[in-house]
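Raw upload38.cif, mmCIF, C-alpha atoms:
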```
data_model
loop_
_atom_site.label_atom_id
_atom_site.label_comp_id
_atom_site.auth_asym_id
_atom_site.auth_seq_id
_atom_site.Cartn_x
_atom_site.Cartn_y
_atom_site.Cartn_z
CA MET C 59 151.24 196.98 -65.93
CA ALA C 60 147.98 197.94 -64.27
CA LEU C 61 147.64 196.79 -60.68
CA THR C 62 144.42 196.50 -58.71
CA TRP C 63 144.16 197.53 -55.07
CA THR C 64 144.48 193.89 -54.01
CA GLN C 65 147.52 193.34 -56.24
CA LEU C 66 149.16 196.51 -54.90
CA GLN C 67 148.78 195.21 -51.34
CA THR C 68 150.22 191.81 -52.21
CA LYS C 69 153.24 193.28 -53.96
CA ALA C 70 153.94 195.84 -51.23
CA GLN C 71 153.77 193.21 -48.49
CA ARG C 72 156.00 190.84 -50.47
CA LEU C 73 158.65 193.54 -50.94
CA SER C 74 158.49 194.51 -47.26
CA ARG C 75 159.02 190.86 -46.23
CA ASP C 76 156.68 191.46 -43.34
CA THR C 77 153.40 189.56 -43.40
CA THR C 78 151.95 190.76 -40.10
CA PRO C 79 148.42 192.26 -40.22
CA ALA C 80 149.63 195.48 -38.56
CA THR C 81 152.24 196.04 -41.27
CA LEU C 82 149.71 195.38 -44.03
CA GLU C 83 147.33 197.92 -42.51
CA GLN C 84 150.10 200.52 -42.36
CA LEU C 85 151.15 199.78 -45.94
CA LYS C 86 147.56 200.26 -47.07
CA GLN C 87 147.34 203.63 -45.35
CA ASP C 88 150.66 204.79 -46.76
CA MET C 89 149.85 203.58 -50.28
CA ASN C 90 146.71 205.72 -50.22
CA THR C 91 148.74 208.69 -49.00
CA GLY C 92 151.21 208.18 -51.84
CA TYR C 93 148.31 207.81 -54.27
CA HIS C 94 146.85 211.18 -53.26
CA LEU C 95 150.26 212.87 -53.36
CA PHE C 96 150.91 211.50 -56.84
CA ASN C 97 147.59 212.85 -58.11
CA ASN C 98 148.26 216.24 -56.56
CA LYS C 99 151.63 216.45 -58.28
CA LEU C 100 150.11 215.36 -61.58
CA ALA C 101 147.43 218.05 -61.15
CA ARG C 102 144.88 215.39 -62.14
CA TYR C 103 145.16 216.20 -65.86
CA TRP C 104 145.00 212.48 -66.52
CA SER C 105 141.74 212.04 -64.67
CA ARG C 106 139.83 215.10 -65.85
CA LYS C 107 136.10 214.43 -66.22
CA GLN C 108 132.97 216.10 -67.50
CA GLN C 109 129.43 216.04 -66.20
CA PHE C 110 126.17 217.57 -67.37
CA THR C 111 123.28 219.12 -65.48
CA ASN C 112 120.12 220.95 -66.52
CA LEU C 113 119.94 224.70 -66.99
CA ILE C 114 116.92 226.10 -65.13
CA ALA C 115 115.29 229.37 -66.14
CA GLY C 116 115.73 231.94 -63.39
CA GLN C 117 118.29 229.87 -61.47
CA GLY C 118 121.72 231.46 -61.26
CA ILE C 119 123.54 229.18 -58.77
CA TYR C 120 124.47 225.55 -59.52
CA GLN C 121 126.17 222.84 -57.54
CA THR C 122 129.40 221.46 -58.98
CA PRO C 123 129.84 217.67 -59.42
CA VAL C 124 130.19 215.88 -56.10
CA ASP C 125 133.66 214.51 -57.00
CA SER C 126 134.99 217.83 -58.30
CA ILE C 127 137.89 219.53 -56.58
CA ARG C 128 138.40 222.24 -59.21
CA VAL C 129 136.26 223.38 -62.13
CA GLU C 130 138.33 223.86 -65.29
CA VAL C 131 135.76 224.84 -67.92
CA ILE C 132 132.02 225.51 -68.01
CA VAL C 133 130.11 225.22 -71.29
CA ILE C 134 126.57 226.48 -71.87
CA ALA C 135 124.21 225.04 -74.48
CA VAL C 136 122.50 228.05 -76.04
CA SER C 137 120.94 225.94 -78.79
CA ASN C 138 121.73 222.84 -80.79
CA THR C 139 124.07 224.99 -82.87
CA TYR C 140 125.82 227.08 -80.22
CA GLN C 141 127.49 225.55 -77.19
CA ILE C 142 129.81 228.18 -75.79
CA PRO C 143 132.45 228.26 -73.04
CA VAL C 144 131.68 230.62 -70.18
CA LYS C 145 134.40 232.96 -68.90
CA GLU C 146 135.45 232.65 -65.26
CA ILE C 147 135.56 235.79 -63.14
CA ARG C 148 138.10 235.41 -60.34
CA SER C 149 137.81 238.84 -58.73
CA GLU C 150 134.88 239.21 -56.36
CA PHE C 151 134.95 242.97 -56.90
CA GLU C 152 134.67 242.51 -60.66
CA TRP C 153 131.92 239.91 -60.18
CA ARG C 154 129.89 242.30 -58.02
CA GLN C 155 130.33 245.02 -60.63
CA ILE C 156 129.04 242.73 -63.38
CA THR C 157 126.10 241.36 -61.38
CA ALA C 158 125.01 244.72 -59.96
CA TYR C 159 122.59 244.91 -62.86
CA PRO C 160 120.05 242.04 -62.71
CA TYR C 161 119.73 240.49 -66.14
CA SER C 162 118.61 237.22 -67.66
CA SER C 163 119.46 235.75 -71.03
CA ASN C 164 119.65 232.44 -72.87
CA TRP C 165 123.35 233.20 -73.29
CA PRO C 166 125.13 233.28 -69.86
CA ALA C 167 128.60 234.69 -70.39
CA TYR C 168 130.36 234.55 -67.00
CA TYR C 169 130.66 232.31 -63.95
CA PHE C 170 132.06 232.82 -60.49
CA VAL C 171 133.06 230.18 -57.92
CA ILE C 172 131.14 231.16 -54.80
CA GLY C 173 132.15 228.22 -52.61
CA ASN C 174 133.85 224.88 -52.67
CA ASP C 175 130.83 223.27 -54.32
CA GLU C 176 128.84 226.00 -56.10
CA VAL C 177 129.17 228.36 -59.05
CA ALA C 178 127.06 231.33 -60.10
CA LEU C 179 126.18 232.24 -63.71
CA TRP C 180 125.52 235.68 -65.22
CA PRO C 181 123.33 236.60 -66.93
CA THR C 182 120.86 234.34 -65.16
CA PRO C 183 119.64 231.66 -67.59
CA SER C 184 116.30 232.55 -69.17
CA GLN C 185 115.43 229.12 -70.55
CA ASN C 186 115.31 225.50 -69.45
CA VAL C 187 117.85 223.34 -71.28
CA THR C 188 118.20 219.63 -70.55
CA ASN C 189 121.90 218.88 -69.93
CA GLY C 190 122.58 222.49 -70.91
CA LEU C 191 125.36 223.03 -68.38
CA ARG C 192 128.59 221.06 -68.83
CA PHE C 193 131.27 221.00 -66.15
CA VAL C 194 134.80 219.99 -67.09
CA TYR C 195 136.67 219.45 -63.86
CA GLN C 196 139.53 217.84 -61.99
CA GLN C 197 138.28 214.73 -60.26
CA ASP C 198 138.81 214.06 -56.59
CA ASP C 199 140.54 210.79 -55.83
CA PHE C 200 139.12 208.60 -53.10
CA ASP C 201 140.97 206.06 -50.99
CA LEU C 202 141.58 202.73 -52.68
CA SER C 203 139.68 200.17 -50.62
CA VAL C 204 137.88 197.57 -52.78
CA GLU C 205 139.26 194.04 -52.85
CA ASP C 206 139.33 191.97 -56.03
CA VAL C 207 136.50 189.61 -56.93
CA VAL C 208 138.09 186.65 -58.73
CA SER C 209 135.73 184.32 -60.57
CA THR C 210 137.84 181.20 -60.01
CA GLU C 211 137.84 181.79 -56.25
CA GLN C 212 134.04 181.63 -56.01
CA SER C 213 132.23 178.54 -54.82
CA PRO C 214 131.05 177.29 -57.18
CA VAL C 215 133.36 178.81 -59.80
CA VAL C 216 131.73 181.53 -61.92
CA THR C 217 132.53 182.08 -65.60
CA ALA C 218 131.51 184.76 -68.08
CA THR C 219 130.73 185.33 -71.74
CA PHE C 220 132.61 188.12 -73.52
CA THR C 221 131.51 189.08 -77.04
CA ASN C 222 133.67 190.99 -79.50
CA GLY C 223 132.09 194.36 -80.28
CA SER C 224 129.65 194.18 -77.38
CA PRO C 225 129.81 196.18 -74.13
CA THR C 226 127.83 193.51 -72.25
CA VAL C 227 129.47 190.79 -70.14
CA THR C 228 127.26 187.93 -68.93
CA ALA C 229 128.15 185.81 -65.90
CA SER C 230 127.14 182.17 -65.47
CA SER C 231 125.62 182.91 -62.06
CA ALA C 232 124.95 185.86 -59.75
CA ILE C 233 128.18 187.67 -58.88
CA PHE C 234 127.87 191.30 -59.96
CA THR C 235 126.67 193.98 -57.52
CA PRO C 236 125.70 197.65 -57.96
CA GLN C 237 128.85 198.59 -56.01
CA MET C 238 130.95 197.35 -58.95
CA LYS C 239 129.98 200.34 -61.06
CA GLY C 240 133.18 202.33 -61.59
CA LEU C 241 135.40 199.28 -61.02
CA TYR C 242 137.17 197.37 -63.80
CA ILE C 243 136.82 193.88 -65.21
CA GLN C 244 139.54 191.80 -66.87
CA ASN C 245 139.12 188.66 -68.96
CA THR C 246 141.85 186.50 -67.42
CA ALA C 247 141.40 183.57 -69.82
CA VAL C 248 143.24 185.30 -72.69
CA THR C 249 146.68 186.77 -73.30
CA ASN C 250 145.30 190.30 -73.86
CA LEU C 251 144.70 191.30 -70.25
CA THR C 252 142.98 194.62 -70.95
CA TRP C 253 140.96 196.16 -68.15
CA TYR C 254 137.49 197.52 -69.03
CA GLU C 255 135.65 200.03 -66.88
CA ILE C 256 132.21 198.97 -65.65
CA VAL C 257 129.68 201.77 -66.16
CA ASP C 258 126.49 199.91 -65.28
CA VAL C 259 125.29 196.78 -63.48
CA PRO C 260 121.78 196.02 -64.82
CA ASP C 261 121.48 192.89 -62.69
CA SER C 262 123.56 190.31 -60.82
CA THR C 263 124.63 188.45 -63.97
CA HIS C 264 125.34 191.36 -66.33
CA VAL C 265 127.66 194.36 -66.45
CA THR C 266 127.97 197.05 -69.11
CA LEU C 267 131.46 198.16 -70.17
CA LYS C 268 132.43 201.73 -71.00
CA SER C 269 134.02 200.46 -74.23
CA ALA C 270 132.97 197.45 -76.29
CA PHE C 271 135.05 194.31 -75.76
CA VAL C 272 137.74 194.04 -78.47
CA GLY C 273 139.05 190.56 -77.74
CA ILE C 274 138.01 187.21 -79.14
CA SER C 275 134.48 186.18 -78.24
CA GLY C 276 134.09 183.28 -75.85
CA SER C 277 132.10 181.73 -73.05
CA GLY C 278 133.11 179.90 -69.88
CA LEU C 279 135.89 182.46 -69.34
CA SER C 280 137.50 183.38 -66.03
CA PHE C 281 137.63 187.04 -64.98
CA THR C 282 138.60 189.45 -62.22
CA VAL C 283 136.80 192.58 -61.05
CA GLY C 284 139.03 195.07 -59.28
CA GLN C 285 139.61 198.69 -58.30
CA LEU C 286 142.35 200.45 -60.29
CA PRO C 287 144.09 203.71 -59.37
CA ILE C 288 143.14 206.58 -61.67
CA ILE C 289 146.78 207.41 -62.37
CA PRO C 290 148.37 206.01 -65.57
CA SER C 291 149.14 202.31 -65.20
CA PRO C 292 152.94 202.59 -65.79
CA TYR C 293 153.12 204.48 -62.48
CA HIS C 294 151.14 202.16 -60.22
CA ASP C 295 154.39 200.94 -58.63
CA ALA C 296 154.97 204.50 -57.39
CA ILE C 297 152.20 203.98 -54.84
CA ILE C 298 154.05 200.95 -53.48
CA ASN C 299 157.36 202.81 -53.40
CA TYR C 300 155.88 205.57 -51.26
CA ALA C 301 154.53 203.02 -48.76
CA LEU C 302 157.88 201.22 -48.63
CA TYR C 303 159.63 204.55 -48.09
CA GLN C 304 157.51 205.08 -44.98
CA PHE C 305 157.94 201.45 -43.92
CA TYR C 306 161.75 201.50 -44.03
CA SER C 307 161.89 204.99 -42.49
CA GLY C 308 160.06 203.56 -39.50
CA LYS C 309 162.60 200.77 -39.25
CA GLY C 310 165.52 203.21 -39.34
CA SER C 311 166.79 201.89 -42.67
CA ASP C 312 167.52 205.26 -44.25
CA ALA C 313 169.32 203.90 -47.31
CA ARG C 314 166.40 201.63 -48.27
CA ALA C 315 163.87 204.34 -47.42
CA ASN C 316 165.64 206.88 -49.64
CA GLN C 317 165.83 204.35 -52.46
CA HIS C 318 162.05 203.99 -52.52
CA LEU C 319 161.48 207.73 -52.05
CA ASN C 320 163.73 208.45 -55.04
CA LEU C 321 161.80 205.92 -57.13
CA PHE C 322 158.52 207.56 -56.12
CA GLU C 323 159.74 211.07 -56.96
CA ALA C 324 161.23 209.93 -60.26
CA SER C 325 157.87 208.44 -61.24
CA VAL C 326 156.08 211.66 -60.35
CA THR C 327 158.53 213.75 -62.37
CA ASP C 328 158.22 211.48 -65.39
CA ALA C 329 154.42 211.39 -65.20
CA VAL C 330 154.18 215.18 -65.03
CA GLN C 331 156.40 215.46 -68.10
CA GLN C 332 154.43 212.84 -70.01
CA TYR C 333 150.85 213.63 -69.09
CA SER C 334 150.41 217.19 -67.86
CA SER C 335 150.59 219.08 -71.15
CA SER C 336 148.21 219.36 -74.06
CA THR C 337 150.70 217.80 -76.46
CA GLN C 338 151.51 214.76 -74.33
CA GLY C 339 148.48 214.01 -72.21
CA ASN C 340 145.02 212.70 -73.02
CA VAL C 341 143.36 216.07 -72.52
CA LEU C 342 143.88 219.68 -73.52
CA THR C 343 145.23 222.17 -71.04
CA ASN C 344 144.78 225.90 -70.85
CA ASP C 345 148.14 227.00 -72.22
CA ASP C 346 148.87 229.63 -74.85
CA ASN C 347 149.55 227.20 -77.68
CA TYR C 348 146.06 226.65 -78.98
CA VAL C 349 143.58 228.46 -81.19
CA ASN C 350 140.37 229.61 -79.55
CA ALA C 351 137.76 228.44 -82.04
CA TRP C 352 135.20 230.82 -80.57
CA PHE C 353 137.14 233.76 -81.96
CA LEU C 354 136.71 232.18 -85.38
CA THR C 355 132.99 231.45 -85.01
CA PRO C 356 130.59 234.11 -86.31
CA LEU C 357 128.17 235.53 -83.79
CA PRO C 358 124.59 234.23 -83.98
CA PRO C 359 121.93 236.39 -85.57
CA PRO C 360 120.00 238.75 -83.26
CA GLY C 361 117.44 237.04 -81.10
CA VAL C 362 119.22 233.70 -80.88
#
```

As structure tokens, please, write out the structure in this file.
Amino acid sequence: MALTWTQLQTKAQRLSRDTTPATLEQLKQDMNTGYHLFNNKLARYWSRKQQFTNLIAGQGIYQTPVDSIRVEVIVIAVSNTYQIPVKEIRSEFEWRQITAYPYSSNWPAYYFVIGNDEVALWPTPSQNVTNGLRFVYQQDDFDLSVEDVVSTEQSPVVTATFTNGSPTVTASSAIFTPQMKGLYIQNTAVTNLTWYEIVDVPDSTHVTLKSAFVGISGSGLSFTVGQLPIIPSPYHDAIINYALYQFYSGKGSDARANQHLNLFEASVTDAVQQYSSSTQGNVLTNDDNYVNAWFLTPLPPPGV
């Protein structure tokens, strides 16, 4: 079951049986630590993203996405027909050998990571291409910090209209803010409690969902907007277990601390097995068990 940041706090504090503000603050800090550790162990295969930027003629250095911690693949749009992956050069010596000869082309073939937030292309692009450079990368995970917004807790109560097949949710009064982009919304008036990612907030009474609503259409419905961890929902309890491990360690209860640590580590192990390979996860990985389609694609005619 998916748990929002607010729900994680409530559950962790209930299991700790300590309702003091100081304990809650410590639990919040430790849950975020456990969250980051979990993502590191999972190698962020689950949360891999892509982002586009423009290719600029004569520009060889490009900034990576702001939330990128590691670039996995770079793809160049040569034309509408050819969109090719670019080979990474990891040796600086080899990169300097390749780039010793200045050259520009509409077909960059190599890239080199020159810092924690920049990559260089060679040959230097010779044409402008809108959204011609695609980064596929491992996403950085930020601290969980956003509390739930519950429609029934507003004064006056706010309701919403959800329409089957539509990505638009309409609220009965102003409640949505631009900061909700990237959060999730749940229709709590139905039995199918699916969370939908918010990708846009056009105004204070409308949000746009990443995927169209698949439930039964209705108006006057209650809802919750919350921040979800980017790890798979079956493992959200792992974040709590790490915080409780730290909590009981501080109290000198080694048996209880080890119990929660074991639960955390078991969740990590299971998640890695389930989601970190190309056959089990939601994304492909760079292993040896795939066919490189570019070896099967004929080269373009001269001049392309």

Within 6 Å of segment 229-235 of chain C, counting all atoms listed in the file, which residues qualify if same-chain residues fewer than 3 places away don't, as a ChimeraX atom specification? /C:216-218,238,262-263

May I have the residues from that selection written out with C-alpha atoms, as a CSV table (one decimal), keeping the file's coordinate frame?
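That gives us result_5.csv:
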```
chain,number,residue,atom,x,y,z
C,216,VAL,CA,131.7,181.5,-61.9
C,217,THR,CA,132.5,182.1,-65.6
C,218,ALA,CA,131.5,184.8,-68.1
C,238,MET,CA,131.0,197.4,-59.0
C,262,SER,CA,123.6,190.3,-60.8
C,263,THR,CA,124.6,188.4,-64.0
```

Can you tell me which residues surround Val187 of chain C at a distance of at most 12 Å, considering all atoms listed in the file, apart from same-chain residues fewer than 5 positions away, and format the answer as number ranges by chain? C: 110-117, 134-138, 141, 164-165, 192

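Candidate residues C:Ala60, C:Leu85, C:Val326, C:Val171 were compared for distance to Arg72 of chain C, and the nearest is C:Leu85, using all atoms listed in the file.
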
Could you tell me which of C:Arg128, C:Lys239, C:Arg314, C:Lys107 comes closest to Leu73 of chain C if we count all atoms listed in the file?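 For Leu73 of chain C, the nearest of the candidates is C:Arg314.
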
Expressed in Å, the length from atom CA of Asp175 of chain C to atom CA of Glu146 of chain C is 15.1 Å

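Candidate residues C:Ser280, C:Ile297, C:Ser325, C:Pro290 were compared for distance to Gln67 of chain C, and the nearest is C:Ile297, using all atoms listed in the file.
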
Atom pair atom CA of Asp199 of chain C / atom CA of Ile298 of chain C: separation (Å):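 Computed distance, atom CA of Asp199 of chain C to atom CA of Ile298 of chain C, equals 16.9 Å.
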
Could you please determine the separation between atom CA of Ala315 of chain C and atom CA of Thr62 of chain C in Å, to one decimal place? 23.8 Å

Close residues, segment 244-250 of chain C itself excluded, 9 Å, all atoms listed in the file, min 2 positions apart in chain, as a tab-separated table (two decimals) with C-alpha atoms, in the coordinates of the input:
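Okay, this is what ended up in around_19.tsv:
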```
chain	number	residue	atom	x	y	z
C	218	ALA	CA	131.51	184.76	-68.08
C	220	PHE	CA	132.61	188.12	-73.52
C	242	TYR	CA	137.17	197.37	-63.80
C	252	THR	CA	142.98	194.62	-70.95
C	253	TRP	CA	140.96	196.16	-68.15
C	254	TYR	CA	137.49	197.52	-69.03
C	273	GLY	CA	139.05	190.56	-77.74
C	274	ILE	CA	138.01	187.21	-79.14
C	279	LEU	CA	135.89	182.46	-69.34
C	280	SER	CA	137.50	183.38	-66.03
C	281	PHE	CA	137.63	187.04	-64.98
C	282	THR	CA	138.60	189.45	-62.22
C	283	VAL	CA	136.80	192.58	-61.05
C	284	GLY	CA	139.03	195.07	-59.28
```

Which one of C:Ser149, C:Ser203, C:Ser269, C:Asn299 sits closest to Leu286 of chain C if you count only C-alpha atoms?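 Looking only at the distances to Leu286 of chain C, the closest residue turns out to be C:Ser203.
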
Exercise: Asp76 of chain C partners within 12 Å, only C-alpha atoms, chain neighbours under 5 positions left out, as a list in words: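 Non-adjacent residues within range: Gln67, Thr68, Lys69, Ala70, Gln71, Thr81, Leu82, Glu83, Gln84, Leu85, Leu302, Phe305, Tyr306 and Lys309 of chain C.
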
May I have a table of the residues of segment 139-223 of chain C lying at most 12 Å from segment 89-95 of chain C, giving each one's closest pair of atoms and their distance in Å to one decimal, counting all atoms listed in the file, ordered by chain and ascending residue number, as a Markdown table?
```
| residue | atom | partner | partner_atom | distance |
| --- | --- | --- | --- | --- |
| C:Gln197 | CA | C:His94 | CA | 11.6 |
| C:Asp198 | CA | C:His94 | CA | 9.2 |
| C:Asp199 | CA | C:His94 | CA | 6.8 |
| C:Phe200 | CA | C:His94 | CA | 8.2 |
| C:Asp201 | CA | C:Asn90 | CA | 5.8 |
| C:Leu202 | CA | C:Asn90 | CA | 6.4 |
| C:Ser203 | CA | C:Asn90 | CA | 9.0 |
```
